[in-house]
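What follows is a single structure, written as structure tokens, with notes after it.
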Amino acid sequence: MSPSTRLLQRQILPTDRDSDVFALYVDPDPAILDADKYEVGTNRNARDLNAVAMRQSIASGEGIHLDQIESRTALRVKAGQRLSFGTYFNAFPASYWRRWTVVSAVTLRVKVVGRGASVVVYKSMANGRSQRVDSASTGSQVEGTFEFELSLKPFVDGGWYWYDVTAGDEEVLVESAEWSAEVPEDRAAHGTVDIAITTMNRPDFCAKLLTQLGEDEVLRPYLDTVFVMEQGTKKVVDSPDFAKAEGLLGSVLRVIEQGNLGGSGGYARGQLESVRKGTATYAMMMDDDVVCEPEGVIRAVTFGDLARRPTIVGGHMFSLFSRSRLHSFGEIVQPWRFWWESAPGVFGDWDFAARNLRSARWLHQRIDVDFNGWFMCLIPRQVLAEIGLSLPVFIKWDDSEFGLRAKEAGYPTVTFPGAAVWHVPWTDKNDALDWQAYFHQRNRFIAALLHSRYPKGGRMIRESRNHQIKHLVSMQYSTVELRHQALEDVLAGPDHLHEVLGTKLAEVNAFRKQFSDARLEADPDAFPPVRRKKPPRKGREDTGLPGRWSQLVTAGLAPVRQLTRARELSREHPEVEIKAMDAKWYHLTRFDSAIVSMNDGASAALYQRDPEKFRELAAKTIEIHERLRREWPRLAQEYRAKLGEITSPEAWEQTFRPWTQGDDTPGEGDR
């Protein structure tokens, strides 16, 4: 079988000419590599200082001007200027291609216009050290097209390729740059993708996302269908921006209306439609409230097409509010705690505008993951057909459980550099305390029962109990009650998951209304004025971070204090106002009442200590966790036996029946 040439990646520039994201596309700053961990050594102070130094900005202040961007693929370099394309969107992630695909060598083809222009190609090693590979110059010629043959052999553990362009005495236009490879003939044609977007009362955001997808002419041949699962009361079709999106996407767009079944119900509907239709190679899960880099969809499809085996290809998440900041570079489920976290070696919330790709050693490792969030995640249709659809859990842990399930079936997940969206970061949400606390708790335990390799879930039960105590001493009684309900529903077994999918949220919200800590107020005057009989020590509230010994002492004494009678004045007036950033358990436990603001900055709630409620919930916490420990083996066996059934297309078809009644196939009759 003769090989064919396949385009893997091309040079791109921002679609919206937003200067906040320039650092992700082109870089005027030098590479100043941080210290190697082996040079730093084992001294704790040295390691802490190095960690701080790694995050310090090395930006020179030299910027890229808007008028230097000629087009989506072309950039002007000013006379005497040197610019690097060793950036998130334009460097070539060689180690990922080396590890996961059939590609063994690539060709870089760069076209420049301008006398005296030079192109230098570099590669990095897994420890971040860069090496000059090759170079070319236009010399006295007006333009030049240079090709560099580059092997992927040296990239077992990590590393990138990239190129720098330097202008001589006159301006240079970097007209294009493309990375291509010789691939087997049966891999020459690109696959197609069904994009599944679940939306809930974000009509304008969703319509703008659809417009982004429809406006990109290069992306269009890759799109089979764009499914929008409409689950809200504010419809995307009523957005002023929808008509434009509909005109751009035409017959590719399908809006499907159904009840609010959460993210898992929305994505499962898109997965079901994609599997039943059977015309697309992949289904991509995508949030409705993201700004998309359309090229990332193409790259994910290309990488999936050339993967050694069917592979889930995920994108990264940048902050919507600080657009050069990467939220996480890859996530795992820590098996002993069974909690999602960044993969080993990853630094969260990384600002590329402060420290570029070439200057951060850790970014040059290949990061292997267990799962990818469904804000942007490409799943081969073959994988969906074999292992089933989403777990019916409304929200939380549906994406991570699916990644673990796929991994056990032999299908890896790769979080792929160069494929990304901008999204509200998790750190700006209140989802550990509000109604979502129920789903966090229940779904985490369900996922652990399905996939934990440790007897009785490793540290999970102990950690859950400790978290309950923290919430109790923090006066967060609604959260404690919701987490108890979650565990009771876990103990009830898997058979009810589909049944409660459309009703549980309403039940949770109705239950929470009885607790003052769950009643959020946007108006500061909604609360009584702050008063306390005894003033703070030396006139200052201590919001500093206590040492480990101090925390241990507070942890030991806090439950005892909760049993004492609350100060009388605290029943009518909050004793203090506490900012969201300072609302830690070791601060909250000192007060009998407090006004506590939420992470999103939009509201606050009144917390009040209740000794009787504390006694009741503490006893319940101990009892339910002991029961869970006793019944873990039986529950694990039961959930694992039912997994194939509850994630099957047939089970989901029954759940969707109220919105497909009378249709021969799911989705008929929708817009």
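By order of appearance in the structure tokens: chains A, B, ..., then residues from 1 within every chain, and ligands from 1 in the order shown.
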Quiz item: If you run DSSP on the backbone, which residues of region 420-454 of chain A are strand (DSSP E or B), as a ChimeraX atom specification?
Solution: /A:420-423
Using C-alpha atoms, can you export the residues from the last selection as a JSON list (two decimals), in the first residue's frame?
```json
[["chain", "number", "residue", "atom", "x", "y", "z"],
["A", 420, "ALA", "CA", -8.50, 23.85, 23.36],
["A", 421, "VAL", "CA", -11.44, 26.00, 24.39],
["A", 422, "TRP", "CA", -11.85, 28.95, 26.73],
["A", 423, "HIS", "CA", -14.21, 28.25, 29.64]]
```
Practice problem: Identify, with DSSP run on backbone atoms, the residues in region 314-490 of chain A assigned to helix (DSSP H, G or I), and express the list as a count of residues only. | Solution: 75
Practice problem: Using only C-alpha atoms, determine which residues lie at most 6 Å from region 482-490 of chain A, disregarding the query and same-chain residues fewer than 5 positions distant; provide the list as number ranges by chain. | Solution: A: 438, 441-442
Please dump the current selection as a PDB file, in the first residue's frame; keep C-alpha atoms.
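Result saved to again_18.pdb:
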```
ATOM      1  CA  TYR A 438     -25.123  16.051  46.059  1.00  0.00           C
ATOM      2  CA  GLN A 441     -20.687  12.968  46.381  1.00  0.00           C
ATOM      3  CA  ARG A 442     -23.046  10.432  44.859  1.00  0.00           C
TER       4      ARG A 442
END
```
Quiz prompt | Minimum-distance residue to Ala437 (chain A), chosen among A:Val255, A:Ile32, A:Tyr477, A:Ala526 (using only C-alpha atoms) | solution = A:Tyr477
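Minimum distance to Gly86 (chain A) across A:Asp27, A:Glu616, A:Glu175, A:Asp525 (counting only C-alpha atoms) occurs at A:Asp27.
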Quiz item: Residues at most 10 Å from Arg76 (chain A), counting only C-alpha atoms, excluding those fewer than 2 positions away in the same chain, as a ChimeraX atom specification?
Solution: /A:64-65,67-71,74,78-79,81,83,112-114,167,171-175
Writer output for current selection, C-alpha atoms, as a PDB file, in the first residue's frame:
```
ATOM      1  CA  ILE A  64       2.761  41.809  18.743  1.00  0.00           C
ATOM      2  CA  HIS A  65       0.811  44.588  17.070  1.00  0.00           C
ATOM      3  CA  ASP A  67      -1.405  45.152  12.121  1.00  0.00           C
ATOM      4  CA  GLN A  68       1.242  42.405  12.016  1.00  0.00           C
ATOM      5  CA  ILE A  69      -1.519  39.792  11.596  1.00  0.00           C
ATOM      6  CA  GLU A  70      -2.209  39.564   7.870  1.00  0.00           C
ATOM      7  CA  SER A  71      -4.651  36.647   7.908  1.00  0.00           C
ATOM      8  CA  ALA A  74       0.082  34.859   7.832  1.00  0.00           C
ATOM      9  CA  LYS A  78       9.156  43.718  11.652  1.00  0.00           C
ATOM     10  CA  ALA A  79      12.665  44.482  10.410  1.00  0.00           C
ATOM     11  CA  GLN A  81      12.571  41.396  14.970  1.00  0.00           C
ATOM     12  CA  LEU A  83       9.528  35.882  16.713  1.00  0.00           C
ATOM     13  CA  VAL A 112       8.439  33.446   3.927  1.00  0.00           C
ATOM     14  CA  VAL A 113       8.533  36.620   1.841  1.00  0.00           C
ATOM     15  CA  GLY A 114      11.340  39.118   2.463  1.00  0.00           C
ATOM     16  CA  ALA A 167      13.709  39.472   9.846  1.00  0.00           C
ATOM     17  CA  GLU A 171      10.031  43.336   6.998  1.00  0.00           C
ATOM     18  CA  VAL A 172       9.253  39.656   6.474  1.00  0.00           C
ATOM     19  CA  LEU A 173       5.917  37.965   5.870  1.00  0.00           C
ATOM     20  CA  VAL A 174       5.609  34.454   7.285  1.00  0.00           C
ATOM     21  CA  GLU A 175       2.987  33.453   4.764  1.00  0.00           C
TER      22      GLU A 175
END
```
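Across A:Trp97, A:Ser104, A:Lys579, A:Arg361, the tightest approach to Ala51 (chain A) is made by A:Arg361 when counting only C-alpha atoms.
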Please provide the set of residues having any atom within 6 Å of region 146-154 of chain A, restricted to only C-alpha atoms, with same-chain residues fewer than 6 positions apart removed, written as a compact mmCIF listing (two decimals) with N, CA and C atoms, in the first residue's frame.
```txt
# COMPACT_ATOMS: atom_id res chain seq x y z
N ARG A 98 4.54 10.83 18.54
CA ARG A 98 5.45 9.68 18.62
C ARG A 98 4.83 8.53 19.41
N SER A 104 5.89 8.54 12.10
CA SER A 104 7.26 8.38 12.61
C SER A 104 8.18 9.53 12.20
N ALA A 105 7.75 10.36 11.25
CA ALA A 105 8.54 11.50 10.81
C ALA A 105 7.60 12.55 10.23
N VAL A 106 8.00 13.81 10.32
CA VAL A 106 7.17 14.89 9.80
C VAL A 106 8.01 15.79 8.92
N THR A 107 7.32 16.51 8.05
CA THR A 107 7.95 17.52 7.21
C THR A 107 7.37 18.88 7.56
N LEU A 108 8.25 19.81 7.89
CA LEU A 108 7.84 21.19 8.15
C LEU A 108 8.13 22.01 6.90
N ARG A 109 7.12 22.68 6.39
CA ARG A 109 7.26 23.50 5.19
C ARG A 109 6.88 24.94 5.54
N VAL A 110 7.84 25.85 5.48
CA VAL A 110 7.62 27.24 5.87
C VAL A 110 7.85 28.13 4.64
```
Using only C-alpha atoms, what does the table of region 361-472 of chain A residues within 7 Å of region 495-509 of chain A look like, with each row giving the shortest atom pair and its distance in Å to one decimal, sorted by chain and ascending number, as CSV?
```
residue,atom,partner,partner_atom,distance
A:Pro392,CA,A:His498,CA,5.9
A:Val393,CA,A:Leu497,CA,6.7
A:Phe394,CA,A:Leu501,CA,6.1
A:Trp435,CA,A:Asn509,CA,6.4
```
How would the residues just chosen look if you wrote them out with C-alpha atoms as a compact mmCIF listing (two decimals), in the first residue's frame?
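What follows is the written file out_30.txt:
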```
# COMPACT_ATOMS: atom_id res chain seq x y z
CA PRO A 392 -26.86 8.43 33.86
CA VAL A 393 -25.71 10.68 36.71
CA PHE A 394 -26.97 14.16 35.64
CA TRP A 435 -26.88 21.80 44.95
```
Self-check item: Spatial neighbours of Phe416 (chain A), max dist 12 Å, only C-alpha atoms, sep filter under 4 positions, as a PyMOL selection string
Solution: chain A and resi 88-89+92-97+99-100+296-304+307+311-317+328-331+366-369+371-372+376-378+420-421
If you keep C-alpha atoms, can you produce a file of those selected residues as an mmCIF file, in the first residue's frame?
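Result went into selection_39.cif, see below:
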```cif
data_model
loop_
_atom_site.group_PDB
_atom_site.id
_atom_site.type_symbol
_atom_site.label_atom_id
_atom_site.label_comp_id
_atom_site.auth_asym_id
_atom_site.auth_seq_id
_atom_site.Cartn_x
_atom_site.Cartn_y
_atom_site.Cartn_z
ATOM 1 C CA TYR A 88 0.820 26.428 22.525
ATOM 2 C CA PHE A 89 -1.032 26.580 19.199
ATOM 3 C CA PHE A 92 4.363 20.743 17.181
ATOM 4 C CA PRO A 93 3.743 18.310 20.107
ATOM 5 C CA ALA A 94 6.141 15.697 18.782
ATOM 6 C CA SER A 95 6.069 13.372 21.793
ATOM 7 C CA TYR A 96 2.295 12.894 21.553
ATOM 8 C CA TRP A 97 2.521 11.995 17.867
ATOM 9 C CA ARG A 99 3.665 7.816 21.425
ATOM 10 C CA TRP A 100 0.119 7.498 20.182
ATOM 11 C CA GLY A 296 -8.509 22.459 17.531
ATOM 12 C CA VAL A 297 -11.436 20.377 16.283
ATOM 13 C CA ILE A 298 -9.564 19.660 13.052
ATOM 14 C CA ARG A 299 -6.410 18.719 14.955
ATOM 15 C CA ALA A 300 -8.303 16.398 17.273
ATOM 16 C CA VAL A 301 -9.902 14.619 14.308
ATOM 17 C CA THR A 302 -6.540 14.371 12.513
ATOM 18 C CA PHE A 303 -4.832 12.954 15.583
ATOM 19 C CA GLY A 304 -7.676 10.476 16.079
ATOM 20 C CA ALA A 307 -3.847 7.046 16.285
ATOM 21 C CA THR A 311 -8.354 6.879 20.989
ATOM 22 C CA ILE A 312 -10.338 9.515 22.878
ATOM 23 C CA VAL A 313 -8.788 12.900 22.062
ATOM 24 C CA GLY A 314 -9.453 15.675 24.551
ATOM 25 C CA GLY A 315 -8.782 19.387 24.458
ATOM 26 C CA HIS A 316 -7.360 21.693 27.100
ATOM 27 C CA MET A 317 -9.246 24.405 28.966
ATOM 28 C CA SER A 328 -5.008 22.213 33.582
ATOM 29 C CA PHE A 329 -2.684 20.360 31.215
ATOM 30 C CA GLY A 330 -4.024 16.879 31.919
ATOM 31 C CA GLU A 331 -6.011 15.074 34.606
ATOM 32 C CA ARG A 366 4.394 14.116 27.722
ATOM 33 C CA ILE A 367 1.472 14.147 30.132
ATOM 34 C CA ASP A 368 -0.568 10.938 30.172
ATOM 35 C CA VAL A 369 -4.126 11.121 31.510
ATOM 36 C CA PHE A 371 -9.842 11.101 31.184
ATOM 37 C CA ASN A 372 -10.718 14.416 29.603
ATOM 38 C CA MET A 376 -14.152 19.414 24.547
ATOM 39 C CA CYS A 377 -13.640 15.704 24.030
ATOM 40 C CA LEU A 378 -13.587 13.638 20.835
ATOM 41 C CA ALA A 420 -8.505 23.847 23.361
ATOM 42 C CA VAL A 421 -11.437 26.004 24.391
#
```
Quiz item: With only C-alpha atoms as the basis for distance, which of A:Ala207, A:Val252, A:Val473, A:Leu643 is at the shortest distance from Leu557 (chain A)?
Solution: A:Val473
Env of region 424-426 of chain A: 8 Å cut, atoms = only C-alpha atoms, seq-sep filter 4 positions within chain, self excluded. Answer as a CSV table (one decimal) with N, CA and C atoms, in the first residue's frame.
```csv
chain,number,residue,atom,x,y,z
A,290,VAL,N,-18.5,27.9,26.0
A,290,VAL,CA,-17.1,28.0,25.7
A,290,VAL,C,-16.9,28.9,24.5
A,317,MET,N,-8.4,23.3,28.6
A,317,MET,CA,-9.2,24.4,29.0
A,317,MET,C,-8.4,25.6,29.4
A,318,PHE,N,-8.6,26.7,28.7
A,318,PHE,CA,-8.1,28.0,29.1
A,318,PHE,C,-9.2,28.8,29.8
A,319,SER,N,-8.8,29.8,30.7
A,319,SER,CA,-9.7,30.6,31.4
A,319,SER,C,-10.4,31.6,30.4
A,320,LEU,N,-11.7,31.7,30.6
A,320,LEU,CA,-12.5,32.6,29.7
A,320,LEU,C,-12.2,34.0,30.2
A,321,PHE,N,-11.8,34.2,31.4
A,321,PHE,CA,-11.6,35.6,32.0
A,321,PHE,C,-10.2,36.1,31.9
A,327,HIS,N,-6.0,26.2,32.5
A,327,HIS,CA,-6.5,25.7,33.7
A,327,HIS,C,-5.8,24.4,34.2
```
Determine, for each residue of region 151-256 of chain A having at least one atom at most 8 Å from an atom of region 119-137 of chain A, the closest pair of atoms and their separation in Å to one decimal, counting only C-alpha atoms; order by chain and ascending number, as JSON lines.
```
{"residue": "A:Phe155", "atom": "CA", "partner": "A:Met125", "partner_atom": "CA", "distance": 7.1}
{"residue": "A:Asp157", "atom": "CA", "partner": "A:Ala126", "partner_atom": "CA", "distance": 5.6}
{"residue": "A:Gly158", "atom": "CA", "partner": "A:Ala126", "partner_atom": "CA", "distance": 4.1}
{"residue": "A:Gly159", "atom": "CA", "partner": "A:Met125", "partner_atom": "CA", "distance": 4.6}
{"residue": "A:Trp160", "atom": "CA", "partner": "A:Ser124", "partner_atom": "CA", "distance": 5.3}
{"residue": "A:Tyr161", "atom": "CA", "partner": "A:Lys123", "partner_atom": "CA", "distance": 4.4}
{"residue": "A:Trp162", "atom": "CA", "partner": "A:Tyr122", "partner_atom": "CA", "distance": 5.4}
{"residue": "A:Tyr163", "atom": "CA", "partner": "A:Val121", "partner_atom": "CA", "distance": 4.3}
{"residue": "A:Asp164", "atom": "CA", "partner": "A:Val120", "partner_atom": "CA", "distance": 5.3}
{"residue": "A:Val165", "atom": "CA", "partner": "A:Val119", "partner_atom": "CA", "distance": 4.7}
{"residue": "A:Thr166", "atom": "CA", "partner": "A:Val119", "partner_atom": "CA", "distance": 6.7}
```
Please produce a file of those selected residues containing N, CA and C atoms, as a PDB file, in the first residue's frame.
```
ATOM      1  N   PHE A 155      11.640  11.339  20.763  1.00  0.00           N
ATOM      2  CA  PHE A 155      10.639  11.962  21.617  1.00  0.00           C
ATOM      3  C   PHE A 155       9.854  10.954  22.461  1.00  0.00           C
ATOM      4  N   ASP A 157       9.860  10.330  25.728  1.00  0.00           N
ATOM      5  CA  ASP A 157       9.341  10.826  27.006  1.00  0.00           C
ATOM      6  C   ASP A 157       8.700  12.200  26.925  1.00  0.00           C
ATOM      7  N   GLY A 158       8.960  12.932  25.873  1.00  0.00           N
ATOM      8  CA  GLY A 158       8.423  14.284  25.762  1.00  0.00           C
ATOM      9  C   GLY A 158       9.168  15.067  24.704  1.00  0.00           C
ATOM     10  N   GLY A 159       8.798  16.332  24.539  1.00  0.00           N
ATOM     11  CA  GLY A 159       9.486  17.205  23.604  1.00  0.00           C
ATOM     12  C   GLY A 159       8.594  17.735  22.490  1.00  0.00           C
ATOM     13  N   TRP A 160       8.993  18.883  21.954  1.00  0.00           N
ATOM     14  CA  TRP A 160       8.278  19.580  20.876  1.00  0.00           C
ATOM     15  C   TRP A 160       9.259  19.926  19.754  1.00  0.00           C
ATOM     16  N   TYR A 161       8.700  20.208  18.588  1.00  0.00           N
ATOM     17  CA  TYR A 161       9.404  20.924  17.526  1.00  0.00           C
ATOM     18  C   TYR A 161       8.775  22.314  17.409  1.00  0.00           C
ATOM     19  N   TRP A 162       9.586  23.287  16.993  1.00  0.00           N
ATOM     20  CA  TRP A 162       9.050  24.602  16.657  1.00  0.00           C
ATOM     21  C   TRP A 162      10.058  25.327  15.781  1.00  0.00           C
ATOM     22  N   TYR A 163       9.697  26.506  15.331  1.00  0.00           N
ATOM     23  CA  TYR A 163      10.571  27.304  14.468  1.00  0.00           C
ATOM     24  C   TYR A 163      10.493  28.766  14.894  1.00  0.00           C
ATOM     25  N   ASP A 164      11.616  29.459  14.746  1.00  0.00           N
ATOM     26  CA  ASP A 164      11.705  30.911  14.961  1.00  0.00           C
ATOM     27  C   ASP A 164      11.968  31.573  13.619  1.00  0.00           C
ATOM     28  N   VAL A 165      11.429  32.766  13.460  1.00  0.00           N
ATOM     29  CA  VAL A 165      11.663  33.539  12.232  1.00  0.00           C
ATOM     30  C   VAL A 165      12.265  34.880  12.627  1.00  0.00           C
ATOM     31  N   THR A 166      13.371  35.234  11.953  1.00  0.00           N
ATOM     32  CA  THR A 166      14.037  36.513  12.205  1.00  0.00           C
ATOM     33  C   THR A 166      14.076  37.313  10.914  1.00  0.00           C
TER      34      THR A 166
END
```
Practice problem: Could you check how far CA of Ser322 (chain A) sits from CA of Asp523 (chain A), in Å to one decimal? | Solution: 27.3 Å
